[in-house]
Amino acid sequence: MSPRPAPSPMPDDSEQGLDHLGLIAEMMQEFTGSGNFERMVHRGLARVSRHLGAEGSSLFLTEPRRGITAPDPTPDIVCYACHGPVDHSGLRLAWGTGLIGRCIARHQSQAVDYVHGDPPPTDEQICLLLGGDPGLTLRSLLIAPLTLNGEALGAVALVNKGDGEPFSDADERLLIALSSAAALGIINIRLARQLAEQERLRHELELAADIQRGLLPAARDDTFPLHGLNVPLSQVSGDFYDVVVLPDGRLWGTVADVSGKGLNAALLMAKTSSLFRCLAKDSPTPTPAALLARISEELCETASHGMFVTMACLLYDPRDQSVVIANAGHEPPLIHDPVGNSFTPLTVGGPPLGILPGLFDPHDAQQPVQQRLTLPPGASLILLTDGLTEAANSRGAMLGGDGLRPLLSATAPLRGQDRLHALFDLIGEAGWNRRDDMTVLTLTPSPAPCWRLDLPAVPASLTILRRFIHACASVLQAPVDWADDLVLAVDEAAQNIIRHGYGGGDVQRPVWVEVLPQAATTDAAGAVVVRLHDDAPTVSPAILTPRERASLRPGGLGLHFITALTDAWELEPPPVPHDDRPRAGVPHGNCLRLVKQRPAASMRVAVQETKKD
Amino acid sequence: MASVEIRHDSGVAIVALAGEIDLQTSPSVRAAILETLALKQPMVIDLTAVRYIDSSGVASLVEGFQTARRQGSAFILAGVSASAMRVFQLARLDRVFALAETVPQALTQARRGAA
């Protein structure tokens, strides 16, 4: 038995060489084509056996060990196909086993002559190569590795040279050359199969995503108090929201986030969402905490691989406008009151669902998991997943809860699905990229009479401010031109505060803007008042005079624009200080009040609703 | 969010602006215009994709206009939307800037001016 240095693939005898070259060319053509792999291999083995006068031949291929998905450094060796008297295809060997294993591991051909010198074959070798058939004698062996770019793909083995002689050097060179062609072919086929597999997976994911979208409730019109939106990061989502209407008019709403990502998360999401729908409709124990506890028990019965679900769930009763809300390890829901632009996180809650039976206890006296509340007029209850707060900018910083609040406030004037779409759009416009599924659900029982937005006094806040004013104008059904004018006027006023009040901007200092629609009278449609507040040194009204056109210089146009675009503006007496911070010497605080009359034919609806409150 | 792209078309510099030109984005618009004007070529500002412009954006254009005038280069605004025109009118600049409906028309105008 001798491992030999790799001989040249060109045989020395020229006539035989031409014959061999013909075979190599044919096999090359066949292996690199796109035909049927199985047929190609069987034909190839038969042809090589015939050409080299071997009694039988086998193809062994490496295959990652079971359960290993990454490239496997020591894969199994599997007999893929045989030609000749015995068939042991399907035989699986551990890495490095026997002559075949050594040939593959060392990338070295092996030739054995049992008749003329090498020690008799072991039982194992007989078993491996002849399938243990006692009627056959193992006389000689030739094994060549299949290697491409250093990657061990497998080996080709020839058994028993027909004339009783051992395999020659020329045979070995030829087999090595043929193996190289076969290696190319195998890589070719493997790539084609991977592509086909990827395409199949993509198609299946699309189907799964379709079904998943079907699990979400249909969008409702703006008068409905509950609205949700889910935007998956990839095709399928581990988040969901749902809304269930009970026959007595009460509404269930939920938002949940399944741990992990991908198909397994999507499947658990589908299960949790089905449980929610069934139990919300039929549960004899109708509190959100009891519902979450039931879902947790069901999930625990079939829990797998440490996956769990965080979920917040509410039950809204429109008759007394009360809300009962329970939370299982989910982001704290927020109450947003647009009148004062306050955010109140609801921190009551228990552990996530599906971890251990009994762990989520609806009656936990130490740590209550549920609370009852009534929302202030115009306020919203906002349930969201961490995909919103974990959106990141180009520098890798996360939006976070504090960063999200101005975006929630800026889109709060809008109703229904518009509000949620505007929120997701604004997250992108403000430079935050999604890194996870994003889901949000809002409960807004009544429209707000006015709105407020708080922003840091920096130029980047202006995009958010403009979206806010547009949102207010849109919900007031203002014409586009009117809205554009108000947006420009407010933007100019905020610019002046940032540039002159805060010396170019200060992220630690506030600007806050209130939009107050005034009720219509019998002869007028009513105005919209916008008040811009800041905490900068108090300005004397005398210095605020629009510049003449002649004195136009960069940035000096603002007041001229404000005057042209509004019906009136004035500096109000400074309001109460924003905080208790001591301020050196000069008085601080300004309030600029802009008034813009609404065009007569618009905004009837909004005025009626405002009066109602 | 705004973007600025500069390209050259047979001796004319084209500064294409897109998005919202405000206090946040106008400094980069101003810098791009002034740096490109240093090449002393006729300039076309393509405003077709500008969705919003405020007084700070207008000021950047005015500064470009003044610089171009001083060095004798053409300075033409192309593709001005109705909302941008409204802002120019408010600033009484609609008759000050040279305007063209499209970029090709602006290029023709710029070459005629340069000849």
# chains A, B, ... in the order shown; residues from 1 in each chain; ligands from 1

$ interface_residues --of "chain B" --to "chain A" --cutoff "8 Å" --atoms "only C-alpha atoms" --output "CSV table (one decimal) with C-alpha atoms, in the first residue's frame"
chain,number,residue,atom,x,y,z
B,1,MET,CA,-33.6,65.3,4.6
B,22,ASP,CA,-34.3,74.1,5.7
B,23,LEU,CA,-32.1,75.3,8.6
B,24,GLN,CA,-30.8,71.8,9.0
B,54,ASP,CA,-37.7,78.0,3.7
B,55,SER,CA,-35.9,81.4,4.2
B,56,SER,CA,-32.6,79.8,5.1
B,59,ALA,CA,-30.8,82.8,1.6
B,60,SER,CA,-28.3,80.1,0.3
B,62,VAL,CA,-29.4,84.5,-2.8
B,63,GLU,CA,-25.8,84.1,-1.8
B,83,SER,CA,-44.7,75.9,-3.5
B,90,LEU,CA,-43.0,86.2,-0.6
B,91,ALA,CA,-39.3,87.2,-0.6
B,92,ARG,CA,-40.0,89.3,-3.8

$ atom_distance --atom1 "atom CA of Leu37 of chain B" --atom2 "atom CA of Thr102 of chain B"
20.6 Å

$ select_by_dssp --residues "chain B" --states "alpha helix (DSSP H)" --output "ChimeraX atom specification"
/B:26-37,55-71,82-90,103-114

$ write_last_selection --atoms "C-alpha atoms" --output "PDB file, in the first residue's frame"
ATOM      1  CA  SER B  26     -29.203  74.637   3.880  1.00  0.00           C
ATOM      2  CA  PRO B  27     -25.571  74.856   5.125  1.00  0.00           C
ATOM      3  CA  SER B  28     -24.564  71.919   2.906  1.00  0.00           C
ATOM      4  CA  VAL B  29     -26.559  73.386  -0.016  1.00  0.00           C
ATOM      5  CA  ARG B  30     -24.816  76.753   0.442  1.00  0.00           C
ATOM      6  CA  ALA B  31     -21.364  75.121   0.621  1.00  0.00           C
ATOM      7  CA  ALA B  32     -21.993  73.042  -2.514  1.00  0.00           C
ATOM      8  CA  ILE B  33     -23.147  76.098  -4.497  1.00  0.00           C
ATOM      9  CA  LEU B  34     -20.263  78.328  -3.401  1.00  0.00           C
ATOM     10  CA  GLU B  35     -17.597  75.639  -3.916  1.00  0.00           C
ATOM     11  CA  THR B  36     -18.899  74.862  -7.391  1.00  0.00           C
ATOM     12  CA  LEU B  37     -19.114  78.557  -8.291  1.00  0.00           C
ATOM     13  CA  SER B  55     -35.945  81.388   4.228  1.00  0.00           C
ATOM     14  CA  SER B  56     -32.599  79.779   5.056  1.00  0.00           C
ATOM     15  CA  GLY B  57     -32.749  77.853   1.762  1.00  0.00           C
ATOM     16  CA  VAL B  58     -33.696  81.036  -0.092  1.00  0.00           C
ATOM     17  CA  ALA B  59     -30.760  82.806   1.577  1.00  0.00           C
ATOM     18  CA  SER B  60     -28.347  80.148   0.274  1.00  0.00           C
ATOM     19  CA  LEU B  61     -29.676  80.705  -3.254  1.00  0.00           C
ATOM     20  CA  VAL B  62     -29.380  84.495  -2.831  1.00  0.00           C
ATOM     21  CA  GLU B  63     -25.770  84.146  -1.753  1.00  0.00           C
ATOM     22  CA  GLY B  64     -25.049  81.958  -4.772  1.00  0.00           C
ATOM     23  CA  PHE B  65     -26.827  84.448  -7.037  1.00  0.00           C
ATOM     24  CA  GLN B  66     -24.770  87.368  -5.617  1.00  0.00           C
ATOM     25  CA  THR B  67     -21.474  85.487  -5.987  1.00  0.00           C
ATOM     26  CA  ALA B  68     -22.298  84.450  -9.560  1.00  0.00           C
ATOM     27  CA  ARG B  69     -23.271  88.038 -10.440  1.00  0.00           C
ATOM     28  CA  ARG B  70     -19.962  89.356  -9.049  1.00  0.00           C
ATOM     29  CA  GLN B  71     -17.891  86.959 -11.116  1.00  0.00           C
ATOM     30  CA  ALA B  82     -45.445  76.062  -7.231  1.00  0.00           C
ATOM     31  CA  SER B  83     -44.693  75.906  -3.494  1.00  0.00           C
ATOM     32  CA  ALA B  84     -41.078  77.052  -4.007  1.00  0.00           C
ATOM     33  CA  MET B  85     -42.322  79.842  -6.288  1.00  0.00           C
ATOM     34  CA  ARG B  86     -44.672  80.938  -3.524  1.00  0.00           C
ATOM     35  CA  VAL B  87     -41.656  81.327  -1.208  1.00  0.00           C
ATOM     36  CA  PHE B  88     -39.712  83.303  -3.867  1.00  0.00           C
ATOM     37  CA  GLN B  89     -42.741  85.554  -4.321  1.00  0.00           C
ATOM     38  CA  LEU B  90     -42.996  86.158  -0.574  1.00  0.00           C
ATOM     39  CA  VAL B 103     -32.980  71.809 -16.889  1.00  0.00           C
ATOM     40  CA  PRO B 104     -32.432  71.555 -20.711  1.00  0.00           C
ATOM     41  CA  GLN B 105     -34.004  75.022 -21.122  1.00  0.00           C
ATOM     42  CA  ALA B 106     -31.805  76.334 -18.320  1.00  0.00           C
ATOM     43  CA  LEU B 107     -28.712  74.865 -20.012  1.00  0.00           C
ATOM     44  CA  THR B 108     -29.556  76.620 -23.276  1.00  0.00           C
ATOM     45  CA  GLN B 109     -30.087  79.863 -21.377  1.00  0.00           C
ATOM     46  CA  ALA B 110     -26.817  79.448 -19.459  1.00  0.00           C
ATOM     47  CA  ARG B 111     -24.794  78.818 -22.639  1.00  0.00           C
ATOM     48  CA  ARG B 112     -26.379  81.808 -24.383  1.00  0.00           C
ATOM     49  CA  GLY B 113     -25.489  83.952 -21.369  1.00  0.00           C
ATOM     50  CA  ALA B 114     -21.936  82.632 -21.279  1.00  0.00           C
TER      51      ALA B 114
END

$ select_by_dssp --residues "segment 18-241 of chain A" --states "strand (DSSP E)" --output "number ranges by chain"
A: 54-63, 76-83, 92-93, 110-113, 140-148, 151-161, 226-231, 239-241

$ write_last_selection --atoms "N, CA and C atoms" --output "compact mmCIF listing (two decimals), in the first residue's frame"
# COMPACT_ATOMS: atom_id res chain seq x y z
N ALA A 54 -11.81 -1.90 -14.47
CA ALA A 54 -12.07 -2.21 -13.06
C ALA A 54 -13.37 -3.00 -12.92
N GLU A 55 -13.39 -3.87 -11.92
CA GLU A 55 -14.58 -4.69 -11.70
C GLU A 55 -15.74 -3.84 -11.17
N GLY A 56 -15.38 -2.85 -10.37
CA GLY A 56 -16.43 -1.99 -9.80
C GLY A 56 -15.88 -0.63 -9.44
N SER A 57 -16.77 0.32 -9.22
CA SER A 57 -16.33 1.66 -8.83
C SER A 57 -17.40 2.31 -7.95
N SER A 58 -16.96 3.26 -7.13
CA SER A 58 -17.90 3.94 -6.22
C SER A 58 -17.54 5.43 -6.14
N LEU A 59 -18.57 6.25 -5.92
CA LEU A 59 -18.35 7.67 -5.68
C LEU A 59 -18.74 7.98 -4.23
N PHE A 60 -17.80 8.55 -3.48
CA PHE A 60 -18.07 8.97 -2.11
C PHE A 60 -18.10 10.50 -2.07
N LEU A 61 -19.05 11.08 -1.37
CA LEU A 61 -19.12 12.54 -1.24
C LEU A 61 -19.15 12.94 0.23
N THR A 62 -18.53 14.09 0.54
CA THR A 62 -18.61 14.58 1.93
C THR A 62 -19.97 15.24 2.14
N GLU A 63 -20.45 15.17 3.38
CA GLU A 63 -21.77 15.73 3.70
C GLU A 63 -21.69 16.21 5.15
N ASP A 76 -19.09 13.99 7.37
CA ASP A 76 -19.22 12.55 7.12
C ASP A 76 -18.89 12.29 5.65
N ILE A 77 -18.59 11.00 5.37
CA ILE A 77 -18.34 10.58 3.99
C ILE A 77 -19.44 9.58 3.64
N VAL A 78 -20.17 9.90 2.58
CA VAL A 78 -21.33 9.07 2.24
C VAL A 78 -21.13 8.49 0.85
N CYS A 79 -21.38 7.18 0.72
CA CYS A 79 -21.28 6.56 -0.60
C CYS A 79 -22.50 6.98 -1.40
N TYR A 80 -22.24 7.71 -2.51
CA TYR A 80 -23.34 8.30 -3.27
C TYR A 80 -23.84 7.34 -4.35
N ALA A 81 -22.91 6.63 -5.00
CA ALA A 81 -23.32 5.71 -6.08
C ALA A 81 -22.24 4.66 -6.30
N CYS A 82 -22.69 3.47 -6.78
CA CYS A 82 -21.74 2.38 -7.07
C CYS A 82 -22.02 1.83 -8.45
N HIS A 83 -20.98 1.29 -9.05
CA HIS A 83 -21.16 0.55 -10.30
C HIS A 83 -20.42 -0.77 -10.14
N ARG A 92 -22.53 5.41 5.30
CA ARG A 92 -22.03 6.66 5.88
C ARG A 92 -20.81 6.37 6.76
N LEU A 93 -19.69 7.05 6.50
CA LEU A 93 -18.46 6.86 7.28
C LEU A 93 -18.11 8.15 8.00
N GLN A 110 -4.69 6.89 -3.30
CA GLN A 110 -4.22 5.68 -2.62
C GLN A 110 -4.33 4.53 -3.63
N ALA A 111 -3.22 3.78 -3.78
CA ALA A 111 -3.27 2.58 -4.64
C ALA A 111 -2.82 1.39 -3.80
N VAL A 112 -3.57 0.29 -3.87
CA VAL A 112 -3.25 -0.88 -3.05
C VAL A 112 -3.23 -2.12 -3.94
N ASP A 113 -2.22 -2.96 -3.76
CA ASP A 113 -2.12 -4.20 -4.52
C ASP A 113 -2.04 -5.34 -3.52
N SER A 140 -7.23 -5.52 -5.78
CA SER A 140 -6.53 -4.23 -5.90
C SER A 140 -7.52 -3.08 -5.79
N LEU A 141 -6.98 -1.93 -5.42
CA LEU A 141 -7.80 -0.75 -5.14
C LEU A 141 -7.11 0.47 -5.70
N LEU A 142 -7.90 1.43 -6.18
CA LEU A 142 -7.33 2.73 -6.56
C LEU A 142 -8.33 3.80 -6.12
N ILE A 143 -7.87 4.73 -5.31
CA ILE A 143 -8.79 5.77 -4.80
C ILE A 143 -8.18 7.13 -5.11
N ALA A 144 -8.97 8.03 -5.69
CA ALA A 144 -8.50 9.40 -5.96
C ALA A 144 -9.45 10.40 -5.31
N PRO A 145 -8.86 11.46 -4.71
CA PRO A 145 -9.72 12.44 -4.03
C PRO A 145 -10.40 13.38 -5.03
N LEU A 146 -11.58 13.87 -4.65
CA LEU A 146 -12.26 14.93 -5.41
C LEU A 146 -12.04 16.22 -4.64
N THR A 147 -11.23 17.11 -5.20
CA THR A 147 -10.86 18.32 -4.48
C THR A 147 -11.03 19.52 -5.38
N LEU A 148 -11.56 20.62 -4.86
CA LEU A 148 -11.58 21.86 -5.63
C LEU A 148 -11.25 23.01 -4.70
N GLU A 151 -11.01 22.37 -1.10
CA GLU A 151 -12.16 21.80 -0.38
C GLU A 151 -12.31 20.34 -0.76
N ALA A 152 -12.38 19.46 0.28
CA ALA A 152 -12.52 18.02 0.04
C ALA A 152 -13.98 17.74 -0.25
N LEU A 153 -14.26 17.32 -1.50
CA LEU A 153 -15.65 17.05 -1.88
C LEU A 153 -15.98 15.57 -1.76
N GLY A 154 -14.94 14.69 -1.84
CA GLY A 154 -15.21 13.25 -1.77
C GLY A 154 -14.08 12.47 -2.44
N ALA A 155 -14.41 11.27 -2.95
CA ALA A 155 -13.39 10.43 -3.58
C ALA A 155 -14.06 9.47 -4.55
N VAL A 156 -13.26 9.03 -5.54
CA VAL A 156 -13.72 7.97 -6.44
C VAL A 156 -12.84 6.74 -6.18
N ALA A 157 -13.48 5.59 -6.00
CA ALA A 157 -12.72 4.36 -5.72
C ALA A 157 -12.96 3.35 -6.83
N LEU A 158 -11.86 2.75 -7.33
CA LEU A 158 -11.97 1.65 -8.30
C LEU A 158 -11.52 0.36 -7.61
N VAL A 159 -12.24 -0.76 -7.88
CA VAL A 159 -11.95 -2.02 -7.21
C VAL A 159 -11.59 -3.08 -8.26
N ASN A 160 -10.50 -3.82 -7.99
CA ASN A 160 -10.10 -5.00 -8.77
C ASN A 160 -9.90 -4.75 -10.25
N LYS A 161 -8.66 -4.46 -10.58
CA LYS A 161 -8.29 -4.37 -12.00
C LYS A 161 -8.61 -5.71 -12.64
N LEU A 226 -59.85 51.83 17.73
CA LEU A 226 -58.63 51.01 17.81
C LEU A 226 -58.02 50.84 16.42
N HIS A 227 -56.72 51.14 16.32
CA HIS A 227 -56.03 50.95 15.04
C HIS A 227 -54.66 50.36 15.27
N GLY A 228 -54.25 49.48 14.38
CA GLY A 228 -52.93 48.86 14.52
C GLY A 228 -52.20 48.84 13.19
N LEU A 229 -50.86 48.70 13.26
CA LEU A 229 -50.05 48.57 12.06
C LEU A 229 -48.83 47.71 12.40
N ASN A 230 -48.52 46.79 11.48
CA ASN A 230 -47.36 45.92 11.65
C ASN A 230 -46.53 46.00 10.38
N VAL A 231 -45.24 46.31 10.51
CA VAL A 231 -44.34 46.32 9.36
C VAL A 231 -43.20 45.37 9.67
N ASP A 239 -43.86 39.81 15.34
CA ASP A 239 -44.78 40.70 16.06
C ASP A 239 -46.20 40.47 15.55
N PHE A 240 -47.17 40.84 16.33
CA PHE A 240 -48.51 40.99 15.76
C PHE A 240 -49.36 41.90 16.63
N TYR A 241 -50.45 42.35 16.04
CA TYR A 241 -51.46 43.05 16.82
C TYR A 241 -52.80 42.45 16.44

$ residues_around --residues "segment 361-366 of chain A" --least-positions-apart "2" --cutoff "8 Å" --atoms "only C-alpha atoms" --output "list in words"
Ala289, Ala290, Leu292, Ala293, Gly350, Gly358, Leu359, Pro368, Val369 and Gln370 of chain A

$ residues_around --residues "Phe308 of chain A" --least-positions-apart "4" --cutoff "7 Å" --atoms "only C-alpha atoms" --output "PyMOL selection string"
chain A and resi 258-259+352-355

$ write_last_selection --atoms "C-alpha atoms" --output "JSON list (two decimals), in the first residue's frame"
[["chain", "number", "residue", "atom", "x", "y", "z"],
["A", 258, "VAL", "CA", -42.32, 36.64, 19.98],
["A", 259, "SER", "CA", -38.72, 36.09, 21.11],
["A", 352, "PRO", "CA", -43.59, 37.11, 29.62],
["A", 353, "LEU", "CA", -45.85, 34.25, 28.50],
["A", 354, "GLY", "CA", -44.82, 30.67, 27.80],
["A", 355, "ILE", "CA", -41.89, 30.43, 30.22]]

$ residues_around --residues "Thr48 of chain B" --least-positions-apart "5" --cutoff "7 Å" --atoms "only C-alpha atoms" --output "PyMOL selection string"
chain B and resi 78-81

$ write_last_selection --atoms "N, CA and C atoms" --output "mmCIF file, in the first residue's frame"
data_model
loop_
_atom_site.group_PDB
_atom_site.id
_atom_site.type_symbol
_atom_site.label_atom_id
_atom_site.label_comp_id
_atom_site.auth_asym_id
_atom_site.auth_seq_id
_atom_site.Cartn_x
_atom_site.Cartn_y
_atom_site.Cartn_z
ATOM 1 N N ALA B 78 -33.875 76.060 -12.186
ATOM 2 C CA ALA B 78 -34.728 75.274 -13.080
ATOM 3 C C ALA B 78 -35.691 74.416 -12.275
ATOM 4 N N GLY B 79 -36.872 74.174 -12.839
ATOM 5 C CA GLY B 79 -37.847 73.249 -12.236
ATOM 6 C C GLY B 79 -38.387 73.729 -10.905
ATOM 7 N N VAL B 80 -38.696 75.029 -10.812
ATOM 8 C CA VAL B 80 -39.201 75.586 -9.547
ATOM 9 C C VAL B 80 -40.667 75.170 -9.362
ATOM 10 N N SER B 81 -40.967 74.490 -8.281
ATOM 11 C CA SER B 81 -42.336 74.027 -8.042
ATOM 12 C C SER B 81 -43.203 75.210 -7.606
#
